[in-house]
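Enquirer: Can you read through this structure? Questions will come right after.
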Amino acid sequence: MTQANPVMDFLLTRRSKPAAALTAPAPEGAALEQLLTAAARVPDHGALAPWRFLVLEAPARQRLAGLVRERGPLLGVDPVKVEKSASLWEKSPLVVAVIAAPVPSEKAPELEQILSAGAVCAALVNAALASGWGAAWITGWAAFDREFMSRGLDLAPQEQVAGFVHLGSCATAVGDRPRPDLAAIVTRVSA
Ligand SMILES: Cc1cc2nc3c(=O)[nH]c(=O)nc-3n(C[C@H](O)[C@H](O)[C@H](O)COP(=O)(O)O)c2cc1C
């Protein structure tokens, strides 16, 4: 198979951008809708759609930065990390929270539903990168703070943050990072 294949070219060279390097403009309107449509097109056992999106607009991001500054010290988080996280919320051009929202199912165990939410995050990052946007999938300590989830994002108790996908523009070239050595992670099982 030596035929030119732009999808494979993309998959073999794709690289996230650092969230802190993203600037305006961010995808909005039809462009954002197209990214979310691509992101929702992932393997999903039982077609449960056990995930949803929160498109966090500027006032929400400001509010969440405040909540990070409130919760960080209470949780004993290093003040430098608290400020780094809060200022990222303030400066990011757009954040889409991908929420894992598992539902009771005899067919698809919760783990499979959460893996599907992870696939949504990866698909959203890839759709954005393939469209020429900068994108980064990050979480950070606040994503695991139940108070941040409930008060900040209005999540139900069974819901979790699969990822905060930061979206924007990024002119900065980013070098590749080391990639796994296939020989170390592939085992051929022949019998
Ligand atoms: C679930 C998940 C959470 C992550 N959280 C963070 C994070 O909080 N901070 C961070 O710097 N990177 C985080 N990362 C890693 C970033 O996505 C990082 O930029 C990654 O190395 C980009 O790799 P890529 O170029 O292959 O997309 C996270 C990755 C995943 C999958």
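Residues are referred to by chain and number: the chain letter is A, B, ... according to the order shown in the structure tokens, the number counts from 1 in that chain, and ligands are numbered separately from 1 in the order shown.
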May I ask you to write as a list of chain:residue names all residues lying at most 7 Å from ligand 1, with only C-alpha atoms and all ligand atoms counted?
Expert: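 Residues lying within 7 Å of ligand 1: A:Arg14, A:Arg15, A:Ser16, A:Lys17, A:Pro18, A:Ala136, A:Trp137, A:Ile138, A:Thr139, A:Gly140, A:Ala162, A:Gly163, A:Asp176, A:Arg177.
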Enquirer: Which residues, written as a PyMOL selection string, have at least one atom at most 12 Å from A:Arg146, with only C-alpha atoms counted and residues fewer than 2 positions away on the same chain left out?
Expert: chain A and resi 71+75+141-144+148-161
Enquirer: Could you save those same residues with N, CA and C atoms as a compact mmCIF listing (two decimals), in the first residue's frame?
Expert:
# COMPACT_ATOMS: atom_id res chain seq x y z
N ARG A 71 -10.40 26.30 45.61
CA ARG A 71 -10.29 24.89 45.99
C ARG A 71 -8.83 24.46 46.18
N LEU A 75 -7.32 22.03 49.21
CA LEU A 75 -6.89 20.65 48.91
C LEU A 75 -5.39 20.48 49.09
N TRP A 141 -5.60 18.49 38.52
CA TRP A 141 -6.19 18.05 39.79
C TRP A 141 -7.66 18.44 39.92
N ALA A 142 -8.05 19.59 39.39
CA ALA A 142 -9.43 20.05 39.58
C ALA A 142 -10.44 19.09 38.93
N ALA A 143 -9.99 18.39 37.88
CA ALA A 143 -10.90 17.47 37.18
C ALA A 143 -11.32 16.32 38.10
N PHE A 144 -10.55 16.12 39.18
CA PHE A 144 -10.84 14.99 40.08
C PHE A 144 -11.43 15.46 41.41
N PHE A 148 -15.41 20.70 42.59
CA PHE A 148 -15.22 21.41 41.32
C PHE A 148 -16.20 20.87 40.28
N MET A 149 -16.35 19.53 40.28
CA MET A 149 -17.26 18.91 39.31
C MET A 149 -18.70 19.33 39.56
N SER A 150 -19.12 19.30 40.82
CA SER A 150 -20.54 19.56 41.10
C SER A 150 -20.84 21.05 41.07
N ARG A 151 -20.06 21.84 41.82
CA ARG A 151 -20.33 23.28 41.91
C ARG A 151 -19.88 24.02 40.66
N GLY A 152 -18.71 23.60 40.11
CA GLY A 152 -18.17 24.32 38.97
C GLY A 152 -18.83 23.93 37.66
N LEU A 153 -19.10 22.62 37.51
CA LEU A 153 -19.56 22.13 36.21
C LEU A 153 -20.96 21.55 36.26
N ASP A 154 -21.55 21.50 37.45
CA ASP A 154 -22.91 20.98 37.62
C ASP A 154 -23.03 19.52 37.20
N LEU A 155 -21.98 18.74 37.46
CA LEU A 155 -22.03 17.33 37.10
C LEU A 155 -22.86 16.54 38.11
N ALA A 156 -23.54 15.50 37.62
CA ALA A 156 -24.26 14.58 38.49
C ALA A 156 -23.23 13.67 39.17
N PRO A 157 -23.59 13.06 40.31
CA PRO A 157 -22.61 12.26 41.06
C PRO A 157 -21.94 11.14 40.25
N GLN A 158 -22.66 10.57 39.30
CA GLN A 158 -22.06 9.45 38.53
C GLN A 158 -21.21 9.96 37.36
N GLU A 159 -21.20 11.26 37.14
CA GLU A 159 -20.45 11.80 36.00
C GLU A 159 -19.01 12.17 36.40
N GLN A 160 -18.14 12.15 35.41
CA GLN A 160 -16.73 12.52 35.64
C GLN A 160 -16.22 13.32 34.45
N VAL A 161 -15.13 14.03 34.70
CA VAL A 161 -14.47 14.76 33.60
C VAL A 161 -13.55 13.78 32.87
Enquirer: Calculate how many Å separate atom CA of A:Asp9 from atom CA of A:Leu129, rounding to one decimal.
Expert: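 Distance between the two atoms: 12.7 Å.
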Enquirer: Taking only C-alpha atoms into account, name the residue in A:Ala30, A:Ala39, A:Ala21, A:Ala47 that is nearest to A:Lys107.
Expert: A:Ala47
Enquirer: How many Å separate atom CA of A:Glu110 from atom CA of A:Pro43?
Expert: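 One can read the atom CA of A:Glu110 to atom CA of A:Pro43 distance as 14.3 Å.
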Enquirer: If you count only C-alpha atoms, which residues fall within 10 Å of A:Ser131, apart from same-chain ones fewer than 6 positions away, as a tab-separated table (two decimals) with C-alpha atoms, in the first residue's frame?
Expert:
chain	number	residue	atom	x	y	z
A	27	PRO	CA	-13.47	27.57	16.63
A	31	ALA	CA	-16.69	25.20	12.76
A	34	GLN	CA	-18.36	20.24	12.93
A	35	LEU	CA	-15.62	19.39	15.43
A	125	VAL	CA	-8.34	16.80	19.50
Enquirer: Considering only C-alpha atoms, return as a VMD selection string whatever protein or nucleic-acid residues lie within 7 Å of A:Ala86, sequence-local ones (same chain, fewer than 6 positions apart) excluded.
Expert: chain A and resid 65 68 to 69
Enquirer: Generate the output file for the selected residues, C-alpha atoms, as a PDB file, in the first residue's frame.
Expert:
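Result file follows (result-v4.pdb):
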ATOM      1  CA  ALA A  65     -10.473  30.071  37.453  1.00  0.00           C
ATOM      2  CA  VAL A  68      -9.556  26.719  41.145  1.00  0.00           C
ATOM      3  CA  ARG A  69      -8.065  29.499  43.330  1.00  0.00           C
TER       4      ARG A  69
END
Enquirer: For A:Ser87, please output as a ChimeraX atom specification all residues within 12 Å (counting only C-alpha atoms; exclusion window: fewer than 6 positions along the same chain).
Expert: /A:19-20,61-69,80-81,93
Enquirer: Quick one: DSSP strand (DSSP E or B) residues in stretch 32-188 of chain A, as a PyMOL selection string?
Expert: chain A and resi 51-56+94-100+134-138+160-169
Enquirer: Please dump the current selection as a PDB file, in the first residue's frame; keep N, CA and C atoms.
Expert:
ATOM      1  N   TRP A  51     -21.632  10.115  27.180  1.00  0.00           N
ATOM      2  CA  TRP A  51     -20.759  11.285  27.309  1.00  0.00           C
ATOM      3  C   TRP A  51     -21.521  12.490  26.792  1.00  0.00           C
ATOM      4  N   ARG A  52     -21.056  13.647  27.196  1.00  0.00           N
ATOM      5  CA  ARG A  52     -21.659  14.894  26.711  1.00  0.00           C
ATOM      6  C   ARG A  52     -20.595  15.977  26.758  1.00  0.00           C
ATOM      7  N   PHE A  53     -20.916  17.105  26.132  1.00  0.00           N
ATOM      8  CA  PHE A  53     -19.952  18.213  26.048  1.00  0.00           C
ATOM      9  C   PHE A  53     -20.439  19.411  26.846  1.00  0.00           C
ATOM     10  N   LEU A  54     -19.505  20.101  27.500  1.00  0.00           N
ATOM     11  CA  LEU A  54     -19.789  21.425  28.054  1.00  0.00           C
ATOM     12  C   LEU A  54     -18.886  22.406  27.313  1.00  0.00           C
ATOM     13  N   VAL A  55     -19.484  23.291  26.548  1.00  0.00           N
ATOM     14  CA  VAL A  55     -18.695  24.314  25.854  1.00  0.00           C
ATOM     15  C   VAL A  55     -18.569  25.477  26.833  1.00  0.00           C
ATOM     16  N   LEU A  56     -17.375  25.645  27.367  1.00  0.00           N
ATOM     17  CA  LEU A  56     -17.175  26.601  28.471  1.00  0.00           C
ATOM     18  C   LEU A  56     -16.748  27.951  27.902  1.00  0.00           C
ATOM     19  N   LEU A  94     -10.777  28.749  24.355  1.00  0.00           N
ATOM     20  CA  LEU A  94     -12.018  27.965  24.470  1.00  0.00           C
ATOM     21  C   LEU A  94     -11.688  26.632  25.142  1.00  0.00           C
ATOM     22  N   VAL A  95     -12.569  26.211  26.020  1.00  0.00           N
ATOM     23  CA  VAL A  95     -12.410  24.882  26.631  1.00  0.00           C
ATOM     24  C   VAL A  95     -13.707  24.112  26.438  1.00  0.00           C
ATOM     25  N   VAL A  96     -13.566  22.907  25.902  1.00  0.00           N
ATOM     26  CA  VAL A  96     -14.716  21.995  25.838  1.00  0.00           C
ATOM     27  C   VAL A  96     -14.443  20.878  26.851  1.00  0.00           C
ATOM     28  N   ALA A  97     -15.310  20.776  27.846  1.00  0.00           N
ATOM     29  CA  ALA A  97     -15.187  19.673  28.805  1.00  0.00           C
ATOM     30  C   ALA A  97     -15.938  18.484  28.224  1.00  0.00           C
ATOM     31  N   VAL A  98     -15.235  17.352  28.145  1.00  0.00           N
ATOM     32  CA  VAL A  98     -15.902  16.109  27.733  1.00  0.00           C
ATOM     33  C   VAL A  98     -16.260  15.374  29.018  1.00  0.00           C
ATOM     34  N   ILE A  99     -17.562  15.177  29.197  1.00  0.00           N
ATOM     35  CA  ILE A  99     -18.054  14.573  30.435  1.00  0.00           C
ATOM     36  C   ILE A  99     -18.425  13.118  30.199  1.00  0.00           C
ATOM     37  N   ALA A 100     -17.818  12.231  30.969  1.00  0.00           N
ATOM     38  CA  ALA A 100     -18.204  10.817  30.931  1.00  0.00           C
ATOM     39  C   ALA A 100     -19.466  10.684  31.768  1.00  0.00           C
ATOM     40  N   GLY A 134      -5.295  24.580  16.986  1.00  0.00           N
ATOM     41  CA  GLY A 134      -4.454  24.009  18.025  1.00  0.00           C
ATOM     42  C   GLY A 134      -5.371  23.354  19.045  1.00  0.00           C
ATOM     43  N   ALA A 135      -4.921  22.242  19.619  1.00  0.00           N
ATOM     44  CA  ALA A 135      -5.766  21.544  20.588  1.00  0.00           C
ATOM     45  C   ALA A 135      -4.908  20.804  21.592  1.00  0.00           C
ATOM     46  N   ALA A 136      -5.412  20.728  22.828  1.00  0.00           N
ATOM     47  CA  ALA A 136      -4.720  19.982  23.883  1.00  0.00           C
ATOM     48  C   ALA A 136      -5.752  19.355  24.800  1.00  0.00           C
ATOM     49  N   TRP A 137      -5.543  18.100  25.112  1.00  0.00           N
ATOM     50  CA  TRP A 137      -6.406  17.362  26.056  1.00  0.00           C
ATOM     51  C   TRP A 137      -5.691  17.358  27.393  1.00  0.00           C
ATOM     52  N   ILE A 138      -6.232  18.040  28.360  1.00  0.00           N
ATOM     53  CA  ILE A 138      -5.622  18.015  29.685  1.00  0.00           C
ATOM     54  C   ILE A 138      -6.705  17.768  30.754  1.00  0.00           C
ATOM     55  N   GLN A 160     -18.137  12.151  35.410  1.00  0.00           N
ATOM     56  CA  GLN A 160     -16.734  12.523  35.642  1.00  0.00           C
ATOM     57  C   GLN A 160     -16.225  13.321  34.450  1.00  0.00           C
ATOM     58  N   VAL A 161     -15.126  14.033  34.698  1.00  0.00           N
ATOM     59  CA  VAL A 161     -14.471  14.759  33.604  1.00  0.00           C
ATOM     60  C   VAL A 161     -13.546  13.784  32.870  1.00  0.00           C
ATOM     61  N   ALA A 162     -13.827  13.543  31.593  1.00  0.00           N
ATOM     62  CA  ALA A 162     -12.904  12.721  30.793  1.00  0.00           C
ATOM     63  C   ALA A 162     -11.743  13.579  30.320  1.00  0.00           C
ATOM     64  N   GLY A 163     -12.032  14.834  30.065  1.00  0.00           N
ATOM     65  CA  GLY A 163     -10.948  15.720  29.637  1.00  0.00           C
ATOM     66  C   GLY A 163     -11.438  17.132  29.432  1.00  0.00           C
ATOM     67  N   PHE A 164     -10.533  18.054  29.622  1.00  0.00           N
ATOM     68  CA  PHE A 164     -10.768  19.443  29.218  1.00  0.00           C
ATOM     69  C   PHE A 164      -9.990  19.605  27.919  1.00  0.00           C
ATOM     70  N   VAL A 165     -10.701  19.811  26.833  1.00  0.00           N
ATOM     71  CA  VAL A 165     -10.016  19.984  25.552  1.00  0.00           C
ATOM     72  C   VAL A 165      -9.935  21.477  25.272  1.00  0.00           C
ATOM     73  N   HIS A 166      -8.702  21.989  25.318  1.00  0.00           N
ATOM     74  CA  HIS A 166      -8.451  23.411  25.053  1.00  0.00           C
ATOM     75  C   HIS A 166      -8.304  23.578  23.549  1.00  0.00           C
ATOM     76  N   LEU A 167      -9.001  24.559  23.012  1.00  0.00           N
ATOM     77  CA  LEU A 167      -9.009  24.775  21.564  1.00  0.00           C
ATOM     78  C   LEU A 167      -8.664  26.229  21.253  1.00  0.00           C
ATOM     79  N   GLY A 168      -7.962  26.433  20.168  1.00  0.00           N
ATOM     80  CA  GLY A 168      -7.640  27.799  19.765  1.00  0.00           C
ATOM     81  C   GLY A 168      -6.741  27.779  18.543  1.00  0.00           C
ATOM     82  N   SER A 169      -6.049  28.862  18.361  1.00  0.00           N
ATOM     83  CA  SER A 169      -5.104  28.958  17.254  1.00  0.00           C
ATOM     84  C   SER A 169      -3.701  28.811  17.824  1.00  0.00           C
TER      85      SER A 169
END
Enquirer: I'd like the neighbourhood of A:Phe10 as a ChimeraX atom specification, where a residue qualifies if any of its atoms comes within 9 Å (using only C-alpha atoms), though same-chain residues fewer than 5 positions away should be ignored.
Expert: /A:5,126,129-130
Enquirer: Go ahead and save the residues from that selection, with C-alpha atoms, as a PDB file, in the first residue's frame.
Expert:
ATOM      1  CA  ASN A   5      -3.186   8.748   2.023  1.00  0.00           C
ATOM      2  CA  ASN A 126      -7.700  15.075  16.181  1.00  0.00           C
ATOM      3  CA  LEU A 129      -5.746  19.483  14.642  1.00  0.00           C
ATOM      4  CA  ALA A 130      -6.807  18.125  11.259  1.00  0.00           C
TER       5      ALA A 130
END
Enquirer: Between atom CA of A:Val120 and atom CA of A:Cys170, what is the distance in Å, rounded to a tenth?
Expert: 21.8 Å
Enquirer: Pick from A:Ala184, A:Leu22, A:Ala122, A:Ala49: nearest to A:Ser105, with only C-alpha atoms counted?
Expert: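 Of A:Ala184, A:Leu22, A:Ala122, A:Ala49, the one nearest A:Ser105, counting only C-alpha atoms, is A:Ala49.
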